[in-house]
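Asks: The following file, model-v8.txt, comprises compact mmCIF, C-alpha atoms:
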```txt
# COMPACT_ATOMS: atom_id res chain seq x y z
CA MET C 278 -167.81 -32.74 -7.56
CA GLU C 279 -167.42 -35.74 -5.25
CA GLU C 280 -166.85 -38.03 -8.25
CA GLN C 281 -163.95 -35.88 -9.46
CA GLY C 282 -162.36 -35.23 -6.08
CA LYS C 283 -163.21 -34.76 -2.45
CA ILE C 284 -163.23 -32.19 0.30
CA ILE C 285 -160.47 -32.93 2.85
CA SER C 286 -160.95 -30.11 5.34
CA THR C 287 -163.42 -27.32 5.92
CA CYS C 288 -163.89 -24.29 8.16
CA ASP C 289 -166.95 -22.07 8.48
CA VAL C 290 -166.21 -18.38 8.18
CA ASP C 291 -169.78 -17.52 9.20
CA SER C 292 -173.31 -18.67 8.45
CA ASN C 293 -172.92 -17.70 4.78
CA LEU C 294 -169.43 -18.85 3.79
CA ALA C 295 -167.07 -21.79 4.33
CA LEU C 296 -163.52 -22.33 3.09
CA GLN C 297 -162.45 -25.86 2.17
CA MET C 298 -159.53 -27.82 0.75
CA TRP C 299 -160.39 -30.04 -2.21
CA THR C 300 -158.18 -32.53 -4.01
CA ARG C 301 -158.15 -35.38 -6.49
CA GLY C 302 -154.59 -36.51 -5.85
CA LYS C 303 -152.59 -33.62 -7.28
CA THR C 304 -152.16 -30.04 -6.13
CA PRO C 305 -155.07 -29.19 -3.84
CA ARG C 306 -157.52 -26.38 -4.54
CA LEU C 307 -159.19 -23.89 -2.28
CA SER C 308 -162.97 -24.26 -2.35
CA ILE C 309 -165.03 -21.16 -1.65
CA PHE C 310 -168.38 -22.55 -0.56
CA ASN C 311 -171.44 -20.31 -0.59
CA LYS C 312 -173.75 -21.95 1.93
CA ASN C 313 -176.68 -19.80 0.85
CA LYS C 314 -176.59 -21.10 -2.72
CA ASN C 315 -175.00 -24.50 -1.99
CA SER C 316 -172.37 -23.71 -4.63
CA ARG C 317 -168.58 -23.72 -4.62
CA LYS C 318 -165.75 -22.30 -6.69
CA LEU C 319 -162.36 -24.00 -6.92
CA ILE C 320 -159.24 -21.82 -7.13
CA HIS C 321 -155.53 -22.13 -6.35
CA ILE C 322 -154.53 -21.35 -2.78
CA ALA C 323 -152.31 -18.57 -4.18
CA TRP C 324 -155.51 -16.51 -4.34
CA VAL C 325 -155.12 -15.74 -0.61
CA GLU C 326 -151.68 -14.18 -1.05
CA LYS C 327 -153.27 -10.86 -1.97
CA ARG C 328 -154.60 -9.93 1.44
CA ASP C 329 -156.43 -6.77 0.42
CA ARG C 330 -158.49 -8.70 -2.13
CA THR C 331 -162.25 -8.57 -1.58
CA LEU C 332 -164.76 -11.38 -2.03
CA SER C 333 -168.49 -10.89 -2.52
CA ILE C 334 -171.08 -13.68 -2.43
CA ASN C 335 -174.80 -13.66 -2.98
CA GLY C 336 -177.22 -14.12 -0.11
CA LYS C 337 -180.48 -16.07 -0.05
CA LYS C 338 -182.65 -13.05 -0.73
CA PRO C 339 -182.72 -11.35 -4.15
CA GLY C 340 -180.14 -8.56 -4.30
CA GLU C 341 -178.56 -9.60 -1.00
CA SER C 342 -174.77 -9.93 -0.90
CA PHE C 343 -171.95 -10.27 1.64
CA SER C 344 -168.41 -8.93 1.30
CA TYR C 345 -165.17 -10.16 2.86
CA VAL C 346 -161.48 -9.19 2.83
CA VAL C 347 -158.91 -11.95 2.38
CA LYS C 348 -156.79 -10.86 5.36
CA ASP C 349 -159.70 -11.82 7.63
CA PHE C 350 -159.53 -15.41 6.35
CA GLU C 351 -156.15 -16.14 7.92
CA PRO C 352 -157.44 -18.26 10.87
CA ALA C 353 -159.68 -20.28 8.55
CA ILE C 354 -156.88 -20.83 6.03
CA GLN C 355 -154.52 -21.90 8.81
CA LYS C 356 -157.06 -24.45 10.03
CA ILE C 357 -157.94 -26.04 6.70
CA LEU C 358 -154.29 -26.28 5.65
CA THR C 359 -153.31 -27.82 8.99
CA ASP C 360 -156.15 -30.36 8.72
CA TYR C 361 -155.23 -31.07 5.10
CA SER C 362 -151.59 -31.75 6.00
CA ALA C 363 -152.69 -34.26 8.65
CA LYS C 364 -155.26 -36.13 6.54
CA THR C 365 -153.30 -36.60 3.29
CA ASN C 366 -149.83 -37.79 2.27
CA PHE C 367 -148.68 -34.18 2.33
CA LYS C 368 -145.99 -34.79 4.95
CA ILE C 369 -144.31 -37.51 2.89
CA LYS C 370 -144.12 -35.24 -0.16
CA PHE C 371 -143.18 -32.25 1.97
CA LEU C 372 -140.28 -33.88 3.85
CA LYS C 373 -138.81 -35.25 0.64
CA LEU C 374 -138.96 -31.82 -0.96
CA VAL C 375 -137.36 -30.23 2.13
CA ILE C 376 -134.39 -32.60 1.78
CA ASP C 377 -134.13 -32.01 -1.98
CA LEU C 378 -134.39 -28.25 -1.51
CA GLU C 379 -131.69 -28.23 1.18
CA LYS C 380 -129.38 -30.15 -1.15
CA ALA C 381 -130.10 -27.75 -4.00
CA LEU C 382 -129.51 -24.75 -1.74
CA ASN C 383 -126.18 -26.15 -0.53
CA ARG C 384 -124.89 -27.37 -3.86
CA PRO C 385 -121.35 -25.99 -4.24
CA GLU C 386 -120.25 -24.68 -7.62
CA PRO C 387 -116.71 -25.78 -8.55
CA VAL C 388 -113.98 -23.28 -9.43
CA SER C 389 -110.88 -24.86 -10.94
CA SER C 390 -108.57 -21.92 -11.67
CA PRO C 391 -107.71 -18.58 -10.02
CA SER C 392 -108.70 -16.65 -13.16
CA GLU C 393 -112.23 -18.07 -13.01
CA PHE C 394 -113.00 -15.95 -9.93
CA ALA C 395 -112.72 -12.82 -12.05
CA MET C 396 -115.41 -14.02 -14.46
CA LEU C 397 -117.81 -16.21 -12.50
CA SER C 398 -120.90 -17.23 -14.46
CA GLU C 399 -124.28 -16.02 -13.25
CA GLU C 400 -125.13 -19.55 -12.16
CA LYS C 401 -122.05 -19.72 -9.92
CA ARG C 402 -122.58 -16.19 -8.59
CA SER C 403 -126.15 -17.14 -7.67
CA SER C 404 -124.99 -20.08 -5.55
CA LEU C 405 -124.23 -19.96 -1.83
CA TRP C 406 -121.16 -22.19 -1.85
CA ILE C 407 -118.03 -22.41 -4.00
CA ALA C 408 -115.86 -25.53 -4.13
CA ASP C 409 -112.55 -23.73 -4.44
CA CYS C 410 -110.09 -26.08 -6.15
CA SER C 411 -108.34 -23.26 -7.97
CA LYS C 412 -104.86 -24.29 -6.77
CA ASP C 413 -105.24 -28.06 -7.09
CA LYS C 414 -108.20 -29.81 -8.72
CA ASN C 415 -107.84 -32.72 -6.26
CA SER C 416 -107.95 -30.59 -3.11
CA GLY C 417 -109.29 -27.29 -1.88
CA VAL C 418 -111.90 -25.82 0.44
CA PHE C 419 -115.62 -25.09 0.47
CA ARG C 420 -116.04 -21.31 0.59
CA ALA C 421 -119.19 -19.60 1.82
CA PHE C 422 -120.51 -17.17 -0.78
CA PHE C 423 -122.58 -15.23 1.76
CA PRO C 424 -121.85 -12.92 4.72
CA VAL C 425 -121.93 -14.44 8.19
CA ASN C 426 -122.30 -13.23 11.76
CA ASN C 427 -119.90 -14.23 14.53
CA SER C 428 -121.80 -17.41 15.45
CA GLU C 429 -121.96 -18.58 11.83
CA ALA C 430 -118.31 -17.70 11.26
CA ALA C 431 -117.28 -19.94 14.18
CA LEU C 432 -118.48 -22.96 12.19
CA MET C 433 -116.44 -22.16 9.13
CA ASN C 434 -112.82 -23.09 9.50
CA ASP C 435 -110.78 -24.31 6.56
CA GLU C 436 -109.98 -27.61 8.26
CA LYS C 437 -113.64 -28.56 8.63
CA LEU C 438 -114.47 -27.42 5.08
CA LYS C 439 -111.40 -29.02 3.47
CA ILE C 440 -111.83 -30.78 0.10
CA THR C 441 -109.60 -33.87 -0.07
CA SER C 442 -110.36 -35.24 -3.54
CA ILE C 443 -112.10 -34.34 -6.78
CA SER C 444 -114.89 -36.78 -5.92
CA ALA C 445 -115.50 -35.07 -2.56
CA ARG C 446 -116.30 -31.54 -3.70
CA GLY C 447 -120.04 -31.95 -4.27
CA THR C 448 -123.18 -31.53 -2.19
CA GLU C 449 -122.89 -34.77 -0.22
CA ALA C 450 -119.35 -33.93 0.86
CA LEU C 451 -120.37 -30.46 2.01
CA MET C 452 -123.35 -31.83 3.93
CA LYS C 453 -121.08 -34.36 5.69
CA THR C 454 -119.01 -31.53 7.15
CA GLY C 455 -122.01 -30.71 9.34
CA VAL C 456 -121.75 -27.01 8.56
CA PRO C 457 -125.13 -26.67 6.76
CA GLU C 458 -126.83 -28.46 9.65
CA GLY C 459 -125.03 -26.25 12.14
CA LEU C 460 -126.17 -23.11 10.33
CA LYS C 461 -129.77 -24.26 10.72
CA ARG C 462 -129.35 -24.50 14.49
CA ILE C 463 -127.55 -21.16 14.83
CA ASN C 464 -129.90 -19.14 12.61
CA PRO C 465 -133.06 -21.15 11.85
CA GLU C 466 -134.93 -18.22 10.35
CA ARG C 467 -132.24 -17.94 7.67
CA TRP C 468 -131.46 -21.60 6.98
CA HIS C 469 -134.25 -23.81 8.36
CA ASN C 470 -137.57 -21.98 8.26
CA THR C 471 -137.07 -20.57 4.78
CA VAL C 472 -136.64 -24.04 3.30
CA ARG C 473 -139.69 -25.45 5.06
CA VAL C 474 -142.02 -22.59 4.21
CA THR C 475 -140.85 -22.63 0.60
CA ALA C 476 -141.31 -26.39 0.28
CA ALA C 477 -144.85 -26.16 1.69
CA ALA C 478 -145.71 -23.33 -0.71
CA MET C 479 -144.38 -25.30 -3.68
CA ILE C 480 -146.50 -28.36 -2.89
CA LEU C 481 -149.71 -26.62 -1.83
CA GLY C 482 -149.98 -24.44 -4.93
CA PHE C 483 -149.03 -21.00 -3.64
CA SER C 484 -147.30 -18.76 -6.16
CA TYR C 485 -143.58 -19.24 -6.72
CA CYS C 486 -142.82 -15.80 -5.26
CA GLY C 487 -145.02 -14.16 -7.85
CA GLY C 488 -144.33 -16.76 -10.55
CA ASP C 489 -146.78 -19.39 -11.75
CA GLY C 490 -145.82 -22.74 -10.24
CA THR C 491 -149.03 -24.68 -10.83
CA LYS C 492 -147.54 -27.20 -13.27
CA THR C 493 -144.49 -27.71 -11.09
CA ALA C 494 -146.67 -28.23 -8.03
CA ASP C 495 -148.55 -30.99 -9.86
CA TYR C 496 -145.20 -32.61 -10.70
CA PHE C 497 -144.22 -32.84 -7.02
CA TRP C 498 -147.46 -34.71 -6.28
CA THR C 499 -146.98 -37.24 -9.11
CA ALA C 500 -143.18 -37.67 -9.40
CA GLY C 501 -142.11 -41.25 -8.76
CA GLU C 502 -145.67 -42.58 -8.87
CA LYS C 503 -147.61 -44.49 -11.48
CA PRO C 504 -150.67 -42.72 -12.87
CA LYS C 505 -154.05 -44.41 -12.55
CA ASN C 506 -154.34 -47.29 -14.97
CA LEU C 507 -157.21 -46.42 -17.29
CA ASN C 508 -156.34 -49.19 -19.76
CA PRO C 509 -155.92 -52.68 -18.22
CA ASN C 510 -153.87 -53.76 -21.26
CA VAL C 511 -151.21 -51.08 -20.72
CA THR C 512 -148.80 -50.89 -17.80
CA PRO C 513 -148.48 -47.21 -16.81
CA MET C 514 -144.99 -45.73 -16.51
CA LYS C 515 -143.91 -43.91 -13.39
CA VAL C 516 -143.59 -40.16 -13.63
CA PRO C 517 -139.78 -39.70 -13.65
CA GLU C 518 -138.16 -37.78 -10.81
CA LYS C 519 -135.60 -35.11 -11.61
CA LYS C 520 -132.80 -33.67 -9.50
CA LEU C 521 -133.86 -30.33 -8.09
CA SER C 522 -131.71 -27.31 -8.93
CA LEU C 523 -132.08 -23.69 -7.84
CA HIS C 524 -131.34 -22.73 -11.45
CA ASP C 525 -134.13 -24.83 -12.94
CA PRO C 526 -136.55 -22.74 -15.06
CA MET C 527 -139.43 -24.84 -13.70
CA LEU C 528 -139.01 -23.00 -10.39
CA ALA C 529 -139.88 -19.66 -12.05
CA LYS C 530 -136.79 -18.05 -10.44
CA LEU C 531 -137.95 -19.02 -6.96
CA GLY C 532 -134.59 -20.71 -6.32
CA HIS C 533 -132.60 -17.62 -7.27
CA LYS C 534 -134.84 -15.38 -5.17
CA MET C 535 -134.47 -17.68 -2.18
CA SER C 536 -130.66 -17.78 -2.46
CA ALA C 537 -130.62 -13.98 -2.88
CA PHE C 538 -132.64 -13.62 0.33
CA ILE C 539 -130.30 -15.89 2.27
CA ARG C 540 -127.18 -14.13 0.97
CA HIS C 541 -128.54 -10.67 1.80
CA PHE C 542 -130.41 -11.84 4.91
CA TYR C 543 -128.84 -9.23 7.20
CA TYR C 544 -129.54 -6.35 4.81
CA VAL C 545 -132.89 -7.14 3.24
CA ASP C 546 -134.92 -5.15 5.78
CA GLU C 547 -132.90 -2.06 4.82
CA VAL C 548 -134.23 -2.22 1.24
CA GLU C 549 -137.23 0.10 0.81
CA ILE C 550 -139.57 -0.10 -2.18
CA SER C 551 -142.16 2.53 -3.12
CA TYR C 552 -143.95 3.70 -6.25
CA SER C 553 -144.21 7.08 -7.93
CA GLY C 554 -145.85 8.67 -10.94
CA ASP C 555 -142.58 10.46 -11.69
CA SER C 556 -139.52 9.03 -9.93
CA GLU C 557 -137.11 11.58 -11.42
CA LYS C 558 -139.11 14.53 -10.08
CA GLU C 559 -139.53 12.88 -6.68
CA MET C 560 -135.82 12.10 -6.39
CA HIS C 561 -134.84 15.63 -7.38
CA GLU C 562 -137.21 17.18 -4.84
CA ALA C 563 -135.86 14.86 -2.13
CA GLY C 564 -132.29 16.04 -2.70
CA PHE C 565 -130.96 13.12 -4.74
CA GLU C 566 -128.43 13.60 -7.55
CA ARG C 567 -128.62 11.47 -10.68
CA SER C 568 -125.44 9.53 -11.47
CA ARG C 569 -126.11 7.09 -14.33
CA ARG C 570 -128.64 4.87 -16.08
CA ILE C 571 -128.72 1.17 -16.95
CA ASP C 572 -131.27 -0.75 -19.03
CA PHE C 573 -132.58 -4.00 -17.51
CA ASN C 574 -134.04 -6.69 -19.76
CA THR C 575 -137.39 -8.43 -19.33
CA GLY C 576 -137.32 -10.99 -16.54
CA THR C 577 -134.82 -9.23 -14.29
CA ILE C 578 -136.60 -6.48 -12.38
CA GLY C 579 -140.03 -7.44 -13.67
CA ASP C 580 -142.13 -8.76 -16.52
CA VAL C 581 -141.09 -5.93 -18.90
CA PRO C 582 -137.83 -4.07 -19.65
CA TYR C 583 -136.89 -1.25 -17.27
CA ARG C 584 -134.66 1.78 -17.51
CA VAL C 585 -133.04 2.27 -14.12
CA THR C 586 -131.64 5.61 -13.02
CA PHE C 587 -129.12 5.66 -10.15
CA TYR C 588 -129.37 8.45 -7.58
CA GLU C 589 -127.29 9.49 -4.58
CA ASN C 590 -128.21 11.53 -1.54
CA HIS C 591 -124.82 12.19 0.01
CA ASP C 592 -126.17 14.10 3.01
CA GLU C 593 -128.40 11.22 4.09
CA GLY C 594 -126.12 8.42 2.83
CA ILE C 595 -128.85 6.84 0.68
CA THR C 596 -128.55 5.26 -2.77
CA ALA C 597 -131.78 5.11 -4.78
CA PHE C 598 -132.89 3.59 -8.06
CA GLY C 599 -135.74 4.95 -10.16
CA CYS C 600 -137.07 2.01 -12.17
CA ASN C 601 -139.12 3.11 -15.16
CA PRO C 602 -140.96 0.32 -17.03
CA ARG C 603 -140.51 0.66 -20.78
CA MET C 604 -143.83 -1.10 -21.40
CA GLN C 605 -147.04 -1.50 -19.43
CA THR C 606 -146.69 -3.85 -16.47
CA ALA C 607 -149.44 -5.39 -14.39
CA ARG C 608 -147.26 -5.36 -11.26
CA HIS C 609 -147.46 -1.67 -10.41
CA THR C 610 -148.52 1.76 -11.64
CA GLY C 611 -145.90 4.36 -12.51
CA ASP C 612 -142.23 3.97 -11.53
CA MET C 613 -140.75 1.76 -8.85
CA ILE C 614 -138.27 3.38 -6.46
CA ILE C 615 -135.73 1.31 -4.52
CA LYS C 616 -133.79 2.90 -1.66
CA ILE C 617 -130.96 1.45 0.39
CA PRO C 618 -128.28 2.96 2.66
CA THR C 619 -125.20 3.60 0.52
CA GLU C 620 -122.81 1.71 2.80
CA ILE C 621 -125.06 -1.35 2.76
CA TYR C 622 -125.35 -1.21 -1.03
CA LYS C 623 -121.54 -1.05 -1.32
CA GLN C 624 -121.27 -4.06 0.98
CA ALA C 625 -123.86 -5.94 -1.09
CA LEU C 626 -121.75 -5.30 -4.19
CA LYS C 627 -118.80 -6.97 -2.44
CA ASN C 628 -120.91 -9.84 -1.19
CA ASN C 629 -121.85 -10.72 -4.77
CA THR C 630 -118.29 -11.22 -5.96
CA MET C 631 -115.28 -13.34 -5.04
CA GLY C 632 -112.48 -11.20 -6.33
CA GLY C 633 -114.12 -10.23 -9.61
CA ALA C 634 -115.54 -6.90 -10.71
CA GLU C 635 -118.47 -5.48 -8.77
CA ASP C 636 -121.70 -5.67 -10.79
CA ASP C 637 -124.52 -3.15 -10.27
CA PHE C 638 -126.82 -5.06 -12.63
CA PHE C 639 -126.47 -8.33 -10.73
CA THR C 640 -126.55 -6.78 -7.26
CA LEU C 641 -129.59 -4.57 -7.77
CA THR C 642 -131.49 -7.48 -9.26
CA ARG C 643 -130.61 -9.75 -6.33
CA LEU C 644 -131.46 -7.12 -3.72
CA LEU C 645 -134.88 -6.65 -5.32
CA TRP C 646 -135.42 -10.41 -5.53
CA ALA C 647 -134.35 -10.78 -1.89
CA LYS C 648 -136.88 -8.14 -0.86
CA GLN C 649 -139.62 -9.76 -2.94
CA TYR C 650 -138.86 -13.18 -1.49
CA GLY C 651 -138.81 -11.82 2.07
CA GLU C 652 -142.27 -10.29 1.71
CA TRP C 653 -143.62 -13.42 0.02
CA TYR C 654 -142.01 -15.70 2.64
CA ARG C 655 -143.53 -13.83 5.57
CA ASN C 656 -146.94 -13.87 3.87
CA ILE C 657 -146.88 -17.64 3.26
CA LYS C 658 -145.33 -18.36 6.65
CA SER C 659 -148.37 -16.99 8.49
CA TYR C 660 -150.60 -19.53 6.72
CA VAL C 661 -148.43 -22.66 7.13
CA LYS C 662 -146.50 -22.03 10.37
CA ASN C 663 -148.58 -24.48 12.43
CA PHE C 664 -147.63 -27.65 10.56
CA VAL C 665 -144.25 -27.31 8.80
CA GLY C 666 -141.92 -27.69 11.80
CA LEU C 667 -140.57 -24.18 12.19
CA ILE C 668 -137.95 -23.33 14.82
CA GLN C 669 -138.48 -20.22 16.91
CA GLN C 670 -135.39 -18.19 17.81
```
Take the structure in the file and write it out as structure tokens.
Replies:
Amino acid sequence: MEEQGKIISTCDVDSNLALQMWTRGKTPRLSIFNKNKNSRKLIHIAWVEKRDRTLSINGKKPGESFSYVVKDFEPAIQKILTDYSAKTNFKIKFLKLVIDLEKALNRPEPVSSPSEFAMLSEEKRSSLWIADCSKDKNSGVFRAFFPVNNSEAALMNDEKLKITSISARGTEALMKTGVPEGLKRINPERWHNTVRVTAAAMILGFSYCGGDGTKTADYFWTAGEKPKNLNPNVTPMKVPEKKLSLHDPMLAKLGHKMSAFIRHFYYVDEVEISYSGDSEKEMHEAGFERSRRIDFNTGTIGDVPYRVTFYENHDEGITAFGCNPRMQTARHTGDMIIKIPTEIYKQALKNNTMGGAEDDFFTLTRLLWAKQYGEWYRNIKSYVKNFVGLIQQ
């Protein structure tokens, strides 16, 4: 074990078990160390995301065992991750990724004609900023593609966000306006903390909001560096760095889920998700009326295709969606039910367009992704909050 890598930090859970962080230069691993047997098992830190997971280890005596629940490991995980961040080059990698992620998040998508607003591509609709040069390709204005509160709105005047040339409508020009930095100060939980928690999760080997990011995590540890020279006659090539994009498949949709959360930040807590053996029966008994159905392809709502039935409860002002998987999924049993106040859903439809047609398919997907990201973000945040420079409001 020590020849292949080394233990960086450790914390005793009790006299039988210790949790450790192990690395050999790439993405670290969580080491579950059974002190009774002097044995360890290496796993990705994403293992601790499922807090109701149980762990059993053997004791010293025959037939003796000890059981634990992951949620009870939180203090130990906080400690070993904090120690790990201080004893390795984590902070260098982390701060670079924070900057790259902020640039990716604030990358404006250009729109060069008025008619383009009616048919924005999914990539442009998923972005948080539009470089509106629809009247003149050499001038225009950066437009926020997300709802704002009064404090955020005060930052966004057309004079400050003016585009003066075709070469000044990209990310660097937007960042120079100071608006993205100002948003971080006004609402850090929306603009600052999300980026830092996400960057830490990406480097440490947590899931990419349910997606597998292990290969990508390894890339962030090796990008820009030369691998160890195993052959003295060959000069190793540096691992090339690539420009980070929220739309990059290597992020396993983490970028799109993050931007969806930020866009729907003020509504995400109104989205309610539950599960049912028969969503249609449950909706009918709860006073909902069925309106229509839409089929969702694999990779939108989940890992299989879904048939989604729209329901309305006019008395309570609730819109609901019964999501029936068309194949077996490992993510849940039965149907998934999504509920949201009707007025908020209507507002979300508007927030996802800039003059084009409202899109139920796109909006429902983004609301679900925003909810998934929010739950994932809060879970990861509790583990990394002590060392990633969060701002408390």
Asks: Work out how far apart atom CA of Ser292 of chain C and atom CA of Gln355 of chain C are and give it in Å to one decimal.
Replies: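 For atom CA of Ser292 of chain C relative to atom CA of Gln355 of chain C, the distance reads 19.1 Å.
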Asks: Counting only C-alpha atoms, what is within 6 Å of segment 366-376 of chain C, bar same-chain residues fewer than 3 positions away, as a PyMOL selection string?
Replies: chain C and resi 362+379+476
Asks: Using atom CA of Thr630 of chain C and atom CA of Thr448 of chain C as the two end points, give the distance in Å to one decimal.
Replies: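 Result for atom CA of Thr630 of chain C versus atom CA of Thr448 of chain C: 21.2 Å, one decimal.
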Asks: Using Å and a single decimal, report how far atom CA of Tyr543 of chain C sits from atom CA of Arg467 of chain C.
Replies: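 Calculated distance between atom CA of Arg467 of chain C and atom CA of Tyr543 of chain C is 9.4 Å.
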Asks: Extract, using only C-alpha atoms, all DNA, RNA and protein residues at most 6 Å from segment 564-568 of chain C, discarding same-chain residues fewer than 2 positions from it, and format them as a CSV table (one decimal) with C-alpha atoms, keeping the file's coordinate frame.
Replies:
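Saved as part.csv:
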```csv
chain,number,residue,atom,x,y,z
C,560,MET,CA,-135.8,12.1,-6.4
C,561,HIS,CA,-134.8,15.6,-7.4
C,562,GLU,CA,-137.2,17.2,-4.8
C,587,PHE,CA,-129.1,5.7,-10.2
C,588,TYR,CA,-129.4,8.4,-7.6
C,589,GLU,CA,-127.3,9.5,-4.6
C,590,ASN,CA,-128.2,11.5,-1.5
```
Asks: With a cut-off of 9 Å, could you pull out the residues of segment 414-512 of chain C touching segment 661-668 of chain C and give me the nearest pair of atoms for each, distance in Å to one decimal, using all atoms listed in the file, ordered by chain and ascending number, as a Markdown table?
Replies:
```
| residue | atom | partner | partner_atom | distance |
| --- | --- | --- | --- | --- |
| C:Arg462 | CA | C:Ile668 | CA | 8.7 |
| C:Pro465 | CA | C:Ile668 | CA | 6.1 |
| C:Glu466 | CA | C:Ile668 | CA | 7.4 |
| C:His469 | CA | C:Leu667 | CA | 7.4 |
| C:Asn470 | CA | C:Leu667 | CA | 5.4 |
| C:Thr471 | CA | C:Leu667 | CA | 9.0 |
| C:Arg473 | CA | C:Val665 | CA | 6.2 |
| C:Val474 | CA | C:Val665 | CA | 7.0 |
| C:Ala477 | CA | C:Val665 | CA | 7.2 |
| C:Ala478 | CA | C:Val661 | CA | 8.3 |
```
Asks: For a cutoff of 12 Å around the file-coordinate point (-150.5, -21.6, -10.6), which residues qualify once you count only C-alpha atoms? I'd like the result as a ChimeraX atom specification.
Replies: /C:304-306,320-324,478-495,527-529
Asks: Restricted to C-alpha atoms, what would the selected residues look like written as an mmCIF file, in the frame of the given file?
Replies:
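What follows is the written file result_14.cif:
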```
data_model
loop_
_atom_site.group_PDB
_atom_site.id
_atom_site.type_symbol
_atom_site.label_atom_id
_atom_site.label_comp_id
_atom_site.auth_asym_id
_atom_site.auth_seq_id
_atom_site.Cartn_x
_atom_site.Cartn_y
_atom_site.Cartn_z
ATOM 1 C CA THR C 304 -152.160 -30.040 -6.130
ATOM 2 C CA PRO C 305 -155.070 -29.190 -3.840
ATOM 3 C CA ARG C 306 -157.520 -26.380 -4.540
ATOM 4 C CA ILE C 320 -159.240 -21.820 -7.130
ATOM 5 C CA HIS C 321 -155.530 -22.130 -6.350
ATOM 6 C CA ILE C 322 -154.530 -21.350 -2.780
ATOM 7 C CA ALA C 323 -152.310 -18.570 -4.180
ATOM 8 C CA TRP C 324 -155.510 -16.510 -4.340
ATOM 9 C CA ALA C 478 -145.710 -23.330 -0.710
ATOM 10 C CA MET C 479 -144.380 -25.300 -3.680
ATOM 11 C CA ILE C 480 -146.500 -28.360 -2.890
ATOM 12 C CA LEU C 481 -149.710 -26.620 -1.830
ATOM 13 C CA GLY C 482 -149.980 -24.440 -4.930
ATOM 14 C CA PHE C 483 -149.030 -21.000 -3.640
ATOM 15 C CA SER C 484 -147.300 -18.760 -6.160
ATOM 16 C CA TYR C 485 -143.580 -19.240 -6.720
ATOM 17 C CA CYS C 486 -142.820 -15.800 -5.260
ATOM 18 C CA GLY C 487 -145.020 -14.160 -7.850
ATOM 19 C CA GLY C 488 -144.330 -16.760 -10.550
ATOM 20 C CA ASP C 489 -146.780 -19.390 -11.750
ATOM 21 C CA GLY C 490 -145.820 -22.740 -10.240
ATOM 22 C CA THR C 491 -149.030 -24.680 -10.830
ATOM 23 C CA LYS C 492 -147.540 -27.200 -13.270
ATOM 24 C CA THR C 493 -144.490 -27.710 -11.090
ATOM 25 C CA ALA C 494 -146.670 -28.230 -8.030
ATOM 26 C CA ASP C 495 -148.550 -30.990 -9.860
ATOM 27 C CA MET C 527 -139.430 -24.840 -13.700
ATOM 28 C CA LEU C 528 -139.010 -23.000 -10.390
ATOM 29 C CA ALA C 529 -139.880 -19.660 -12.050
#
```
Asks: Build an axis-aligned box that encloses every atom of segment 553-566 of chain C listed in the file, pad it by 6 Å on each side, and report its centre and edge lengths in Å to one decimal, as AutoDock Vina command-line options.
Replies:
```
--center_x -137.1 --center_y 12.1 --center_z -6.9 --size_x 29.4 --size_y 22.1 --size_z 21.6
```
Asks: Excluding Ala431 of chain C and residues on its chain fewer than 3 positions from it, collect all residues at most 12 Å away from it, counting all atoms listed in the file, and give them as a list in words.
Replies: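 After dropping sequence-adjacent residues, the list is Val425, Asn426, Asn427, Ser428, Asn434, Asp435, Lys437, Val456, Gly459, Leu460 and Ile463 of chain C.
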Asks: Can you build me a table of segment 586-606 of chain C residues sitting at most 10 Å from segment 576-580 of chain C, with the closest atom pair per residue and its distance in Å to one decimal, using only C-alpha atoms, sorted by chain and residue number, as CSV?
Replies:
```
residue,atom,partner,partner_atom,distance
C:Cys600,CA,C:Ile578,CA,8.5
C:Pro602,CA,C:Gly579,CA,8.5
C:Met604,CA,C:Asp580,CA,9.2
C:Gln605,CA,C:Asp580,CA,9.2
C:Thr606,CA,C:Asp580,CA,6.7
```
Asks: Which of these residues is nearest to Thr441 of chain C, using only C-alpha atoms: C:Thr475, C:Thr454, C:Asn415, C:Ser390?
Replies: C:Asn415
Asks: Considering only C-alpha atoms, return as number ranges by chain whatever protein or nucleic-acid residues lie within 10 Å of Ile539 of chain C, sequence-local ones (same chain, fewer than 3 positions apart) excluded.
Replies: C: 382, 405, 423-424, 466-468, 471, 533-536, 542-545, 647, 650-651
Asks: Take the residues from that selection and put them in a file with C-alpha atoms, as a PDB file, in the coordinates of the input.
Replies:
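And here's again.pdb as it stands now:
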```pdb
ATOM      1  CA  LEU C 382    -129.510 -24.750  -1.740  1.00  0.00           C
ATOM      2  CA  LEU C 405    -124.230 -19.960  -1.830  1.00  0.00           C
ATOM      3  CA  PHE C 423    -122.580 -15.230   1.760  1.00  0.00           C
ATOM      4  CA  PRO C 424    -121.850 -12.920   4.720  1.00  0.00           C
ATOM      5  CA  GLU C 466    -134.930 -18.220  10.350  1.00  0.00           C
ATOM      6  CA  ARG C 467    -132.240 -17.940   7.670  1.00  0.00           C
ATOM      7  CA  TRP C 468    -131.460 -21.600   6.980  1.00  0.00           C
ATOM      8  CA  THR C 471    -137.070 -20.570   4.780  1.00  0.00           C
ATOM      9  CA  HIS C 533    -132.600 -17.620  -7.270  1.00  0.00           C
ATOM     10  CA  LYS C 534    -134.840 -15.380  -5.170  1.00  0.00           C
ATOM     11  CA  MET C 535    -134.470 -17.680  -2.180  1.00  0.00           C
ATOM     12  CA  SER C 536    -130.660 -17.780  -2.460  1.00  0.00           C
ATOM     13  CA  PHE C 542    -130.410 -11.840   4.910  1.00  0.00           C
ATOM     14  CA  TYR C 543    -128.840  -9.230   7.200  1.00  0.00           C
ATOM     15  CA  TYR C 544    -129.540  -6.350   4.810  1.00  0.00           C
ATOM     16  CA  VAL C 545    -132.890  -7.140   3.240  1.00  0.00           C
ATOM     17  CA  ALA C 647    -134.350 -10.780  -1.890  1.00  0.00           C
ATOM     18  CA  TYR C 650    -138.860 -13.180  -1.490  1.00  0.00           C
ATOM     19  CA  GLY C 651    -138.810 -11.820   2.070  1.00  0.00           C
TER      20      GLY C 651
END
```
